[in-house]
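One structure below.
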Amino acid sequence: MLSATLLVAGLAVSLGGLLIWLDGPLRGTARDPSDAIVELLPRIQCGQCGYPGCRPYAQAMLAGEAEINRCPPGGAATVARLAEALGRDPRPLDTSRGSASWSRVARIDEATCIGCNLCARVCPVDAIVGACNWMHTVLADQCTGCELCIAPCPVDCIAMTPRLRPLSIAESAHA
Amino acid sequence: MRFATSAAPHVTPITSVPLVMRRVLYALLPAICAYIWYFGWGLVFNLLVTTSVALAAEAAVLRLRGRPVAPTLADGSALVTAVLLALALPPLLPWWVAALGSLVAIVLAKHLYGGLGLNLFNPAMVGYVVLLVSFPLEMTAWLPPRMGDIDYPNLSVLQTAWFTLSGQLPAGFTLDAVTRATPLDMVKEGLSAMETVSEISANPLFGDFAGRGWEWINGFLGLAGLYLLYRGVIQWHIPLSLLTAIIISATLLYFFDPGRFPSPGFHLFGGATMLGAFFIATDPVSAATTDKGRLIYGAGIGLLTILIRTWGGYPDGLAFAVVFMNACVPLIDRYTRPKPFGHE
Amino acid sequence: MRELTLERRLLGGLRLAAHKQHTTTRPIRRGFVPRELIIPLPDGPTATDTLVAVGEPVLRGQPLAATGEGIAISHASSSGQVVAIEPRPMPGPPGTTAPAVVIHTDGRDQAIPMTPLAGQSLSRDDMLQRLQDAGLVGLGGALFPTAEKLRSRSEQFTLILNGAECEPYISCDDMLMREQARDVLDGAALMCDFSGAGRCIVAIERDKPEAISAIAAALDEHEDDRFELAQVPTVYPAGGERQLIQLLAGIEVPSGRYPTDVNFLCQNVGTAVALAKLYARGEPLTSRIVTVTGKGVRTPQNIEAPIGTPIAELIGAAGGYSGNVARLIMGGSMMGIALDSDARPVTKATNCVVAAAPDEVYTPGTARPCIRCGDCARVCPARLLPQELIRSLTGDDLERVASLGLADCIECGCCDVVCPSHITLTERFRGGKHSLALWTAEQAAAARAEARVARREQRLDLAANREAEERRALLAPMQGGREARQRAVQAVIERARSPSAAPDGDET
């Protein structure tokens with residue numbers, strides 16, 4: 001009886017110690033849970049999910065307020081990853097709101113642009129430059145291909161074109 | 001001129017899964033012969049049952065899963081599982097026990113995890129453990145080895161076949177008269193009956209140092225293991241660390257009290273040690289894959305085997321040790337992952 | 001002559017059947033001039049100006065094109081007439097094309113007048129410019145401009161002259177060292193002078209005793225105490241740049257960095273000979289040694305081929321095809337590219353052409369599932385875990401793929417050769433590296449976009465706050481009862497009447 005009690009107690013103590021010891025390396029760094037969800041998204045900031053940016057959408061998903069299939073640029077792969085991360089059932093992608101993609105950039109037809117500045121005001125990443133009444137242009141390196149600038153243009157001079165120059169890798173990305 | 005293209009490299013692979021499995025089976029042949037020589041024809045029937053059930057189960061599950069049947073059957077992995085299981089089973093066993101073990105190994109341990117390459121646990125050992133836990137009586141009743149000097153009641157081929165089919169002994173035989181405990185079992189029971197190891201090993205069944213017949217079977221399995229090492233079918237890490245762990249822990253115990261703990265030689269050549277070291281623990285699918293991880297994995301199995309043999313409820317602990325260490329493999333692999341070239 | 005003892009054993013690697021004995025029994029065939037030359041010009045973003053026109057006669061060594069910075073990059077490799085300047089299929093995956101100058105040779109192989117660099121007093125920059133103009137690139141296969149490699153200078157540098165040539169079938173460097181050991185060392189000495197390297201290790205695989213003795217003899221003659229000879233084990237891929245440095249010095253070049261970061265320079269022996277020729281005779285790089293071999297060619301041998309020689313003519317020079325040729329490989333059997341046609345030309349990267357009989361090549365069939373045997377990890381010279389990589393790639397888990405170090409895969413092909421399940425690992429890794437690079441770039445861009453979103457929101461918040469503040473300031477006087485309101489309205493009216501007033505916050 002005594003030896004059994006001692007054995008069980010010893011096991012409990014040693015296994016508990018093992019768990020505490022493993023807790024450090026296994027846990028990783030504690031951080032905002034929405035960070036992990038945001039990283040699963042393509043982060044184009046297109047708002048095609050109906051939320052004003054990727055982080056609000058991630059927070060809405062975490063709160064259980066949003067479906068996981070509303071990120072058209074992420075495609076089915078992102079839905080699958082979100083389903084796994086959030087423990088929800090995958091569902092078919094909802095593409096009713098658009099089809100933004102990193103592989104495309106907005107391009108302003110300079111001859112048609114009237115310089116109304118409406119596009120620059122909606123660009124979520126400030127990738128459109130131009131002063132009022134002057135021609136505007138898109139910084140292709142910064143453009144995420146979110147398509148948000150297309151609708152406001154009164155003269156329909158913005159089109160999505162294939163991204164010709166590959167995205168550059170910031171120094172911090174390759175470590 | 002136009003030519004067909006193909007991606008580099010253009011060199012033919014030096015090995016294949018069927019070849020690996022075939023070499024494992026070849027390597028087992030001498031030990032199978034020794035087993036039959038010492039323990040009779042039971043193994044042949046066990047082999048027939050486990051292999052046919054394993055192949056049938058594999059084919060059926062593959063068909064259910066909508067996978068190609070013939071190429072997977074041809075890889076020989078189900079066959080190896082069945083043969084390893086049969087070698088672990090006692091020679092006198094009703095067919096449905098062996099069949100159940102084979103079925104559990106293939107369906108439960110292998111295909112429910114996703115089939116070859118994805119099973120977390122060694123299928124043969126899962127099958128064996130399930131049988132050991134479910135049928136402790138049948139699974140620990142071994143035949144006495146062929147002795148030469150002492151005549152134990154021996155069953156003929158037909159009598160063995162009859163028992164396999166019906167689970168009943170022919171008239172005039174009783175199970176108690178026909179079967180004997182294994183040396184490991186004898187040690188366990190003898191020690192609990194306050195006998196010393198030297199008293200137990202005085203029994204003629206005990207053989208020279210690790211049980212008559214067992215010494216030879218393990219010897220052949222050890223040689224077969226060296227053949228597999230030479231052929232590059234297995235790597236040295238797991239057998240070496242497993243056997244070293246057994247030798248070290250058994251030696252320590254032996255020096256502590258030779259009366260209560262059997263010699264390292266007994267542990268090394270008794271029970272399933274050699275089968276485990278060279279054929280079970282080296283199953284690539286369920287073992288650790290990094291070199292360092294394999295050393296840890298093998299050492300863990302060796303240590304646990306001695307612990308279970310010495311203090312556990314079952315005479316041989318290798319199967320449990322393997323299954324337990326299988327569960328640790330993802331963790332071991334994670335912590336022993338080497339740094340790629342040029343990384344600090 | 002000093003001989004170096006190796007610091008380390010190669011990580012992983014394989015001993016492979018060399019298949020080199022057929023091409024090392026004959027001397028290098030020199031002076032071969034094909035009827036047609038297809039000389040590639042750089043494609044893509046490096047804009048080039050063509051210096052010749054269709055119909056013009058050209059001489060060997062004459063520049064055909066220059067980059068925007070006036071650097072000559074392609075030269076006519078024999079004399080003749082330009083018949084076309086157009087995109088032509090190039091070695092590489094089917095469909096690879098590049099602009100090319102097509103020349104019909106006249107067989108006279110006349111050269112333009114050349115002035116040796118030796119004896120000229122040139123500044124270091126001028127010298128490097130001459131190297132660029134002569135089209136000197138690394139002939140080991142990477143085609144890195146030699147001048148760029150020699151641009152940084154340090155006394156700490158060690159030059160490694162790579163004569164390891166570990167890949168099956170290829171023997172061009174071996175034959176070059178046997179026949180032109182002096183030129184190899186002359187070139188290497190020049191490289192040391194340029195780069196300031198105080199030490200030069202000539203690394204040769206042990207299975208090339210003739211090359212080793214030729215180099216050793218030349219070293220004794222040379223009496224240059226910077227040189228050392230190192231015999232490296234015959235293990236593939238010992239000739240890889242990073243592998244060789246690890247083998248010779250026990251140093252791993254950090255991932256994503258260059259050998260110069262750890263004070264090593266690697267140069268191929270062929271490059272050294274090209275530099276020696278440029279220095280002594282002023283000859284630009286217009287030819288290279290190509291091993292023409294395989295059971296599908298009648299007389300396997302090494303040929304000094306003018307750059308641009310169509311592979312069909314090169315095979316012809318080696319006696320033509322014999323029997324059934326299953327695959328035409330440019331390079332060796334481990335990393336070589338299978339060509340879909342022999343109309344493609346020899347480029348500066350073409351070290352070997354294998355016309356392989358059916359029993360010399362392998363065509364992958366259906367792969368079996370991975371059994372996690374780990375043999376791939378044992379032979380991986382980059383210390384990767386291919387079995388884990390393939391699992392993560394199949395699951396499209398690029399984050400894990402990145403953390404497992406796929407970017408460090410050198411695509412040597414060793415894992416394929418030992419895989420019992422016959423999984424085409426290298427091909428998958430090649431594709432995976434591409435997706436990984438794309439993914440890494442997208443992750444970086446996404447992080448940048450997120451930062452920009454945050455900054456924009458901050459700016460908008462700030463603007464909104466300021467607006468609210470201003471509105472509050474404007475409305476403050478209105479708070480003090482009827483009289484105060486009237487005073488405020490009066491003040492606004494007066495301000496509106498005064499000519500200096502400008503409307504605020506309006507946009508036009």
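Residues in the structure tokens are numbered from 1 in each chain, the chains being A, B, ... in the order shown, and ligands are numbered from 1 in the order shown.
Look at Pro90 (chain A): the protein and nucleic acid residues within 9 Å of it, using only C-alpha atoms and passing over chain neighbours fewer than 4 places away, are Ile68, Asn69, Ala76, Val79, Ala80, Arg81, Leu82, Ala83 and Glu84 of chain A.
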Residues of chain C that have any atom at most 10 Å from an atom of chain A: could you tabulate them with the shortest-distance atom pair and the distance in Å to one decimal, using only C-alpha atoms, ordered by chain and increasing number, as a Markdown table?
| residue | atom | partner | partner_atom | distance |
| --- | --- | --- | --- | --- |
| C:Ser255 | CA | A:Ala175 | CA | 9.1 |
| C:Gly256 | CA | A:His174 | CA | 8.3 |
| C:Asp396 | CA | A:Ala77 | CA | 8.5 |
| C:Asp397 | CA | A:Arg81 | CA | 9.3 |
| C:Ala402 | CA | A:His174 | CA | 9.5 |
| C:Ser403 | CA | A:Ala175 | CA | 9.9 |
| C:Ala407 | CA | A:His174 | CA | 9.9 |
| C:Ala437 | CA | A:Ile169 | CA | 8.7 |
| C:Leu438 | CA | A:Leu167 | CA | 7.8 |
| C:Trp439 | CA | A:Pro42 | CA | 9.7 |
| C:Thr440 | CA | A:Ala173 | CA | 6.8 |
| C:Ala441 | CA | A:Ile169 | CA | 4.7 |
| C:Glu442 | CA | A:Leu167 | CA | 6.8 |
| C:Gln443 | CA | A:Ala173 | CA | 7.6 |
| C:Ala444 | CA | A:Ala173 | CA | 5.7 |
| C:Ala445 | CA | A:Leu167 | CA | 6.9 |
| C:Ala446 | CA | A:Arg43 | CA | 5.2 |
| C:Ala447 | CA | A:Arg43 | CA | 7.7 |
| C:Arg448 | CA | A:Gln142 | CA | 8.0 |
| C:Ala449 | CA | A:Val125 | CA | 5.8 |
| C:Glu450 | CA | A:Arg43 | CA | 7.0 |
| C:Ala451 | CA | A:Val125 | CA | 8.3 |
| C:Arg452 | CA | A:Val125 | CA | 5.0 |
| C:Val453 | CA | A:Val125 | CA | 5.1 |
| C:Ala454 | CA | A:Val125 | CA | 8.6 |
| C:Arg455 | CA | A:Val125 | CA | 8.6 |
| C:Arg456 | CA | A:Val125 | CA | 7.0 |
| C:Glu457 | CA | A:Pro124 | CA | 8.7 |
| C:Glu507 | CA | A:Cys132 | CA | 8.6 |
| C:Thr508 | CA | A:Cys132 | CA | 7.4 |
Return as JSON lines the residues of chain C lying at most 8 Å from chain B, together with the closest atom-to-atom pair for each and the distance in Å to one decimal, counting only C-alpha atoms, with rows in chain order and ascending residue number.
{"residue": "C:Glu252", "atom": "CA", "partner": "B:Gly342", "partner_atom": "CA", "distance": 5.0}
{"residue": "C:Val253", "atom": "CA", "partner": "B:Gly342", "partner_atom": "CA", "distance": 5.3}
{"residue": "C:Pro254", "atom": "CA", "partner": "B:Gly342", "partner_atom": "CA", "distance": 4.0}
{"residue": "C:Ser255", "atom": "CA", "partner": "B:Gly342", "partner_atom": "CA", "distance": 4.6}
{"residue": "C:Ala312", "atom": "CA", "partner": "B:Met1", "partner_atom": "CA", "distance": 7.9}
{"residue": "C:Ala326", "atom": "CA", "partner": "B:Phe3", "partner_atom": "CA", "distance": 7.0}
{"residue": "C:Arg327", "atom": "CA", "partner": "B:Phe3", "partner_atom": "CA", "distance": 5.9}
{"residue": "C:Leu328", "atom": "CA", "partner": "B:Phe3", "partner_atom": "CA", "distance": 6.6}
{"residue": "C:Ser333", "atom": "CA", "partner": "B:His10", "partner_atom": "CA", "distance": 5.1}
{"residue": "C:Met334", "atom": "CA", "partner": "B:Pro9", "partner_atom": "CA", "distance": 4.2}
{"residue": "C:Met335", "atom": "CA", "partner": "B:Ala8", "partner_atom": "CA", "distance": 5.4}
{"residue": "C:Gly336", "atom": "CA", "partner": "B:Ala8", "partner_atom": "CA", "distance": 6.1}
{"residue": "C:Ile337", "atom": "CA", "partner": "B:Ala8", "partner_atom": "CA", "distance": 6.3}
{"residue": "C:Ala338", "atom": "CA", "partner": "B:Thr5", "partner_atom": "CA", "distance": 5.0}
{"residue": "C:Leu339", "atom": "CA", "partner": "B:Thr5", "partner_atom": "CA", "distance": 6.1}
{"residue": "C:Asp340", "atom": "CA", "partner": "B:Phe3", "partner_atom": "CA", "distance": 4.7}
{"residue": "C:Ser341", "atom": "CA", "partner": "B:Arg2", "partner_atom": "CA", "distance": 4.4}
{"residue": "C:Asp342", "atom": "CA", "partner": "B:Met1", "partner_atom": "CA", "distance": 5.8}
{"residue": "C:Ala343", "atom": "CA", "partner": "B:Met1", "partner_atom": "CA", "distance": 7.4}
{"residue": "C:Glu360", "atom": "CA", "partner": "B:Val11", "partner_atom": "CA", "distance": 7.5}
{"residue": "C:Val361", "atom": "CA", "partner": "B:His10", "partner_atom": "CA", "distance": 5.1}
{"residue": "C:Tyr362", "atom": "CA", "partner": "B:Thr12", "partner_atom": "CA", "distance": 4.9}
{"residue": "C:Thr363", "atom": "CA", "partner": "B:Ser6", "partner_atom": "CA", "distance": 6.8}
{"residue": "C:Arg368", "atom": "CA", "partner": "B:Val17", "partner_atom": "CA", "distance": 7.9}
{"residue": "C:Pro369", "atom": "CA", "partner": "B:Gly117", "partner_atom": "CA", "distance": 6.0}
{"residue": "C:Cys370", "atom": "CA", "partner": "B:Gly117", "partner_atom": "CA", "distance": 5.5}
{"residue": "C:Ile371", "atom": "CA", "partner": "B:Gly117", "partner_atom": "CA", "distance": 4.3}
{"residue": "C:Arg372", "atom": "CA", "partner": "B:Val285", "partner_atom": "CA", "distance": 5.2}
{"residue": "C:Cys373", "atom": "CA", "partner": "B:Pro284", "partner_atom": "CA", "distance": 4.7}
{"residue": "C:Gly374", "atom": "CA", "partner": "B:Thr289", "partner_atom": "CA", "distance": 5.4}
{"residue": "C:Ala377", "atom": "CA", "partner": "B:Thr290", "partner_atom": "CA", "distance": 7.8}
{"residue": "C:Pro381", "atom": "CA", "partner": "B:Phe341", "partner_atom": "CA", "distance": 7.6}
{"residue": "C:Ala382", "atom": "CA", "partner": "B:Phe341", "partner_atom": "CA", "distance": 4.6}
{"residue": "C:Arg383", "atom": "CA", "partner": "B:Pro340", "partner_atom": "CA", "distance": 4.8}
{"residue": "C:Leu384", "atom": "CA", "partner": "B:Pro340", "partner_atom": "CA", "distance": 5.3}
{"residue": "C:Leu404", "atom": "CA", "partner": "B:Pro340", "partner_atom": "CA", "distance": 7.6}
{"residue": "C:Gly405", "atom": "CA", "partner": "B:Pro340", "partner_atom": "CA", "distance": 6.2}
{"residue": "C:Asp408", "atom": "CA", "partner": "B:Phe341", "partner_atom": "CA", "distance": 7.1}
{"residue": "C:Cys412", "atom": "CA", "partner": "B:Pro9", "partner_atom": "CA", "distance": 7.9}
{"residue": "C:Gly413", "atom": "CA", "partner": "B:Pro9", "partner_atom": "CA", "distance": 5.4}
{"residue": "C:Asp416", "atom": "CA", "partner": "B:Pro13", "partner_atom": "CA", "distance": 6.6}
{"residue": "C:Val417", "atom": "CA", "partner": "B:Pro13", "partner_atom": "CA", "distance": 4.1}
{"residue": "C:Val418", "atom": "CA", "partner": "B:Pro13", "partner_atom": "CA", "distance": 5.6}
{"residue": "C:Cys419", "atom": "CA", "partner": "B:Pro13", "partner_atom": "CA", "distance": 6.6}
{"residue": "C:Pro420", "atom": "CA", "partner": "B:Ser16", "partner_atom": "CA", "distance": 3.7}
{"residue": "C:Ser421", "atom": "CA", "partner": "B:Val17", "partner_atom": "CA", "distance": 5.7}
{"residue": "C:His422", "atom": "CA", "partner": "B:Pro13", "partner_atom": "CA", "distance": 6.9}
{"residue": "C:Thr426", "atom": "CA", "partner": "B:Ala8", "partner_atom": "CA", "distance": 7.6}
{"residue": "C:Glu427", "atom": "CA", "partner": "B:Ala7", "partner_atom": "CA", "distance": 6.5}
Resulting file, chosen residues, N, CA and C atoms, as a short mmCIF file (atom, residue, chain, number, x, y, z; two decimals), in the first residue's frame:
data_model
loop_
_atom_site.label_atom_id
_atom_site.label_comp_id
_atom_site.auth_asym_id
_atom_site.auth_seq_id
_atom_site.Cartn_x
_atom_site.Cartn_y
_atom_site.Cartn_z
N GLU C 252 31.47 25.71 -42.51
CA GLU C 252 30.22 25.71 -43.26
C GLU C 252 29.90 27.14 -43.66
N VAL C 253 29.78 27.40 -44.96
CA VAL C 253 29.39 28.73 -45.41
C VAL C 253 27.97 28.97 -44.91
N PRO C 254 27.76 30.07 -44.15
CA PRO C 254 26.42 30.29 -43.60
C PRO C 254 25.36 30.32 -44.69
N SER C 255 24.20 29.82 -44.34
CA SER C 255 23.09 29.77 -45.27
C SER C 255 22.76 31.18 -45.77
N ALA C 312 24.02 18.69 -82.00
CA ALA C 312 24.01 17.69 -83.07
C ALA C 312 25.38 17.62 -83.74
N ALA C 326 18.20 7.08 -75.55
CA ALA C 326 16.96 7.26 -74.79
C ALA C 326 16.83 8.69 -74.29
N ARG C 327 17.97 9.31 -74.01
CA ARG C 327 17.90 10.64 -73.41
C ARG C 327 19.17 11.40 -73.74
N LEU C 328 19.01 12.68 -74.02
CA LEU C 328 20.15 13.54 -74.28
C LEU C 328 20.29 14.47 -73.07
N SER C 333 24.86 12.88 -64.94
CA SER C 333 23.64 12.11 -64.76
C SER C 333 22.91 12.46 -63.47
N MET C 334 23.53 13.25 -62.60
CA MET C 334 22.85 13.58 -61.34
C MET C 334 22.10 14.91 -61.42
N MET C 335 22.75 15.91 -62.02
CA MET C 335 22.11 17.22 -62.04
C MET C 335 21.84 17.72 -63.45
N GLY C 336 22.22 16.91 -64.46
CA GLY C 336 22.09 17.36 -65.83
C GLY C 336 20.64 17.53 -66.26
N ILE C 337 20.46 18.39 -67.27
CA ILE C 337 19.12 18.65 -67.77
C ILE C 337 18.90 17.81 -69.02
N ALA C 338 17.78 17.12 -69.09
CA ALA C 338 17.45 16.35 -70.29
C ALA C 338 16.95 17.32 -71.36
N LEU C 339 17.59 17.28 -72.53
CA LEU C 339 17.21 18.18 -73.61
C LEU C 339 16.19 17.49 -74.51
N ASP C 340 15.26 18.28 -75.06
CA ASP C 340 14.27 17.67 -75.94
C ASP C 340 14.74 17.64 -77.39
N SER C 341 15.88 18.32 -77.66
CA SER C 341 16.32 18.36 -79.04
C SER C 341 17.83 18.60 -79.08
N ASP C 342 18.50 18.08 -80.10
CA ASP C 342 19.94 18.31 -80.21
C ASP C 342 20.25 19.53 -81.05
N ALA C 343 19.22 20.34 -81.35
CA ALA C 343 19.46 21.56 -82.12
C ALA C 343 19.92 22.69 -81.20
N GLU C 360 21.12 3.31 -69.42
CA GLU C 360 21.94 4.26 -68.66
C GLU C 360 21.10 5.26 -67.88
N VAL C 361 19.82 5.32 -68.20
CA VAL C 361 18.99 6.34 -67.54
C VAL C 361 17.82 5.70 -66.83
N TYR C 362 17.23 6.48 -66.00
CA TYR C 362 16.12 6.01 -65.19
C TYR C 362 14.93 6.91 -65.44
N THR C 363 13.78 6.33 -65.61
CA THR C 363 12.55 7.10 -65.74
C THR C 363 11.68 6.78 -64.54
N ARG C 368 6.09 4.85 -54.29
CA ARG C 368 5.40 4.23 -53.16
C ARG C 368 5.41 5.24 -52.01
N PRO C 369 4.61 4.99 -50.98
CA PRO C 369 4.63 5.93 -49.85
C PRO C 369 6.00 5.93 -49.16
N CYS C 370 6.35 7.06 -48.59
CA CYS C 370 7.60 7.17 -47.83
C CYS C 370 7.52 6.27 -46.62
N ILE C 371 8.57 5.47 -46.39
CA ILE C 371 8.57 4.61 -45.21
C ILE C 371 9.47 5.18 -44.11
N ARG C 372 9.86 6.42 -44.27
CA ARG C 372 10.65 7.13 -43.26
C ARG C 372 11.96 6.43 -42.91
N CYS C 373 12.57 5.78 -43.88
CA CYS C 373 13.78 5.03 -43.58
C CYS C 373 14.93 5.98 -43.25
N GLY C 374 14.83 7.23 -43.72
CA GLY C 374 15.86 8.20 -43.39
C GLY C 374 17.14 8.07 -44.19
N ALA C 377 18.15 11.35 -45.61
CA ALA C 377 18.80 12.28 -44.69
C ALA C 377 20.27 11.92 -44.51
N PRO C 381 23.89 16.18 -48.38
CA PRO C 381 25.06 16.98 -48.03
C PRO C 381 24.70 18.30 -47.35
N ALA C 382 23.41 18.65 -47.38
CA ALA C 382 22.99 19.90 -46.73
C ALA C 382 22.39 19.62 -45.36
N ARG C 383 22.50 18.41 -44.89
CA ARG C 383 22.00 17.99 -43.59
C ARG C 383 20.51 18.29 -43.44
N LEU C 384 19.77 18.11 -44.50
CA LEU C 384 18.32 18.30 -44.44
C LEU C 384 17.66 16.97 -44.14
N LEU C 404 12.41 23.87 -42.06
CA LEU C 404 13.23 22.67 -42.27
C LEU C 404 14.41 22.96 -43.20
N GLY C 405 14.46 24.17 -43.77
CA GLY C 405 15.64 24.58 -44.52
C GLY C 405 15.63 24.19 -45.99
N ASP C 408 18.08 25.62 -48.43
CA ASP C 408 19.48 25.19 -48.44
C ASP C 408 19.71 23.94 -49.29
N CYS C 412 21.21 18.16 -55.41
CA CYS C 412 22.24 17.27 -55.91
C CYS C 412 21.67 15.94 -56.38
N GLY C 413 20.50 15.57 -55.89
CA GLY C 413 19.86 14.35 -56.36
C GLY C 413 20.21 13.09 -55.58
N ASP C 416 17.19 11.04 -54.16
CA ASP C 416 16.43 10.24 -55.13
C ASP C 416 17.07 8.87 -55.32
N VAL C 417 18.40 8.86 -55.37
CA VAL C 417 19.09 7.62 -55.70
C VAL C 417 18.94 6.58 -54.59
N VAL C 418 18.84 7.02 -53.35
CA VAL C 418 18.75 6.04 -52.26
C VAL C 418 17.31 5.79 -51.82
N CYS C 419 16.35 6.52 -52.36
CA CYS C 419 14.97 6.38 -51.86
C CYS C 419 14.38 5.04 -52.27
N PRO C 420 14.05 4.17 -51.29
CA PRO C 420 13.48 2.87 -51.66
C PRO C 420 12.06 3.00 -52.21
N SER C 421 11.41 4.11 -51.93
CA SER C 421 10.05 4.29 -52.42
C SER C 421 10.02 4.98 -53.78
N HIS C 422 11.21 5.31 -54.30
CA HIS C 422 11.35 5.93 -55.62
C HIS C 422 10.53 7.22 -55.74
N THR C 426 14.03 15.25 -55.49
CA THR C 426 14.72 16.44 -55.98
C THR C 426 13.81 17.30 -56.85
N GLU C 427 13.03 16.63 -57.70
CA GLU C 427 12.13 17.39 -58.56
C GLU C 427 11.11 18.14 -57.71
#
- Message: I want to know what sits within 12 Å of Gly190 (chain B), based on only C-alpha atoms, with residues of the same chain fewer than 4 positions away left out; could you give that as a ChimeraX atom specification?
- Response: /B:181-186,194-203,259-262,315
- Message: Give me, as a count of residues only, all polymer residues having an atom no more than 7 Å from Ile217 (chain B), counting only C-alpha atoms and skipping those fewer than 5 positions away in the same chain.
- Response: 3
- Message: What does the structure give for the distance between CA of Gly316 (chain C) and CA of Pro27 (chain C), in Å to one decimal?
- Response: 17.2 Å
- Contacts of Glu67 (chain A) at 12 Å or less, counting only C-alpha atoms, minus same-chain residues fewer than 3 places along, as a PyMOL selection string? chain A and resi 49-51+57-64+70-71+79+82-83+86+88-94
Include N, CA and C atoms and write out the residues we just selected as a short mmCIF file (atom, residue, chain, number, x, y, z; two decimals), in the first residue's frame.
data_model
loop_
_atom_site.label_atom_id
_atom_site.label_comp_id
_atom_site.auth_asym_id
_atom_site.auth_seq_id
_atom_site.Cartn_x
_atom_site.Cartn_y
_atom_site.Cartn_z
N CYS A 49 -13.72 40.33 -47.45
CA CYS A 49 -14.41 39.51 -46.45
C CYS A 49 -15.55 40.30 -45.82
N GLY A 50 -15.60 41.60 -46.10
CA GLY A 50 -16.62 42.43 -45.47
C GLY A 50 -16.13 43.12 -44.21
N TYR A 51 -14.85 42.90 -43.88
CA TYR A 51 -14.27 43.55 -42.71
C TYR A 51 -13.20 44.54 -43.19
N TYR A 57 -10.91 40.98 -39.61
CA TYR A 57 -11.54 39.73 -40.03
C TYR A 57 -11.06 38.58 -39.14
N ALA A 58 -9.76 38.57 -38.85
CA ALA A 58 -9.21 37.51 -37.99
C ALA A 58 -9.84 37.57 -36.61
N GLN A 59 -10.00 38.79 -36.09
CA GLN A 59 -10.59 38.92 -34.76
C GLN A 59 -12.06 38.47 -34.78
N ALA A 60 -12.75 38.80 -35.88
CA ALA A 60 -14.15 38.39 -35.99
C ALA A 60 -14.27 36.88 -36.06
N MET A 61 -13.30 36.23 -36.77
CA MET A 61 -13.33 34.77 -36.85
C MET A 61 -13.06 34.16 -35.48
N LEU A 62 -12.10 34.76 -34.76
CA LEU A 62 -11.78 34.24 -33.44
C LEU A 62 -12.98 34.38 -32.50
N ALA A 63 -13.72 35.46 -32.68
CA ALA A 63 -14.88 35.69 -31.83
C ALA A 63 -16.06 34.84 -32.29
N GLY A 64 -15.89 34.14 -33.41
CA GLY A 64 -16.98 33.29 -33.90
C GLY A 64 -18.05 34.08 -34.62
N ARG A 70 -14.40 33.52 -46.26
CA ARG A 70 -14.67 34.80 -46.93
C ARG A 70 -13.41 35.50 -47.38
N CYS A 71 -12.33 34.78 -47.55
CA CYS A 71 -11.09 35.41 -48.01
C CYS A 71 -10.77 34.95 -49.42
N VAL A 79 -8.78 28.60 -46.55
CA VAL A 79 -9.97 28.09 -45.83
C VAL A 79 -9.58 26.84 -45.05
N LEU A 82 -7.47 27.78 -42.05
CA LEU A 82 -8.28 28.41 -41.02
C LEU A 82 -9.14 27.38 -40.31
N ALA A 83 -9.68 26.43 -41.10
CA ALA A 83 -10.53 25.40 -40.51
C ALA A 83 -9.74 24.62 -39.48
N LEU A 86 -8.81 26.96 -36.39
CA LEU A 86 -9.93 27.38 -35.55
C LEU A 86 -10.84 26.22 -35.17
N ARG A 88 -12.85 24.51 -37.07
CA ARG A 88 -14.18 24.57 -37.68
C ARG A 88 -14.21 23.71 -38.94
N ASP A 89 -15.41 23.50 -39.45
CA ASP A 89 -15.53 22.70 -40.67
C ASP A 89 -15.19 23.56 -41.88
N PRO A 90 -14.37 23.02 -42.79
CA PRO A 90 -14.10 23.80 -44.01
C PRO A 90 -15.37 23.92 -44.85
N ARG A 91 -15.50 25.03 -45.53
CA ARG A 91 -16.65 25.19 -46.43
C ARG A 91 -16.15 25.81 -47.73
N PRO A 92 -16.97 25.72 -48.76
CA PRO A 92 -16.51 26.25 -50.05
C PRO A 92 -16.25 27.76 -49.99
N LEU A 93 -15.29 28.19 -50.75
CA LEU A 93 -14.88 29.60 -50.74
C LEU A 93 -16.02 30.49 -51.24
N ASP A 94 -16.20 31.60 -50.55
CA ASP A 94 -17.21 32.57 -50.97
C ASP A 94 -16.51 33.64 -51.80
#
- Task: Check the DSSP output for the backbone and give back, as a ChimeraX atom specification, the residues of region 31-111 of chain C in strand (DSSP E).
- Result: /C:36-40,48-50,57-58,63-67,72-75,80-89,97-105
- Item | Closest of A:Glu110, A:Gly98, A:Gly47, A:Leu22 to chain B - atom-to-atom distances counting only C-alpha atoms |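 Nearest to chain B: A:Leu22.
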- Task: Using only C-alpha atoms, determine which residues lie at most 9 Å from region 270-273 of chain C, disregarding the query and same-chain residues fewer than 2 positions distant; provide the list as a count of residues only.
- Result: 32
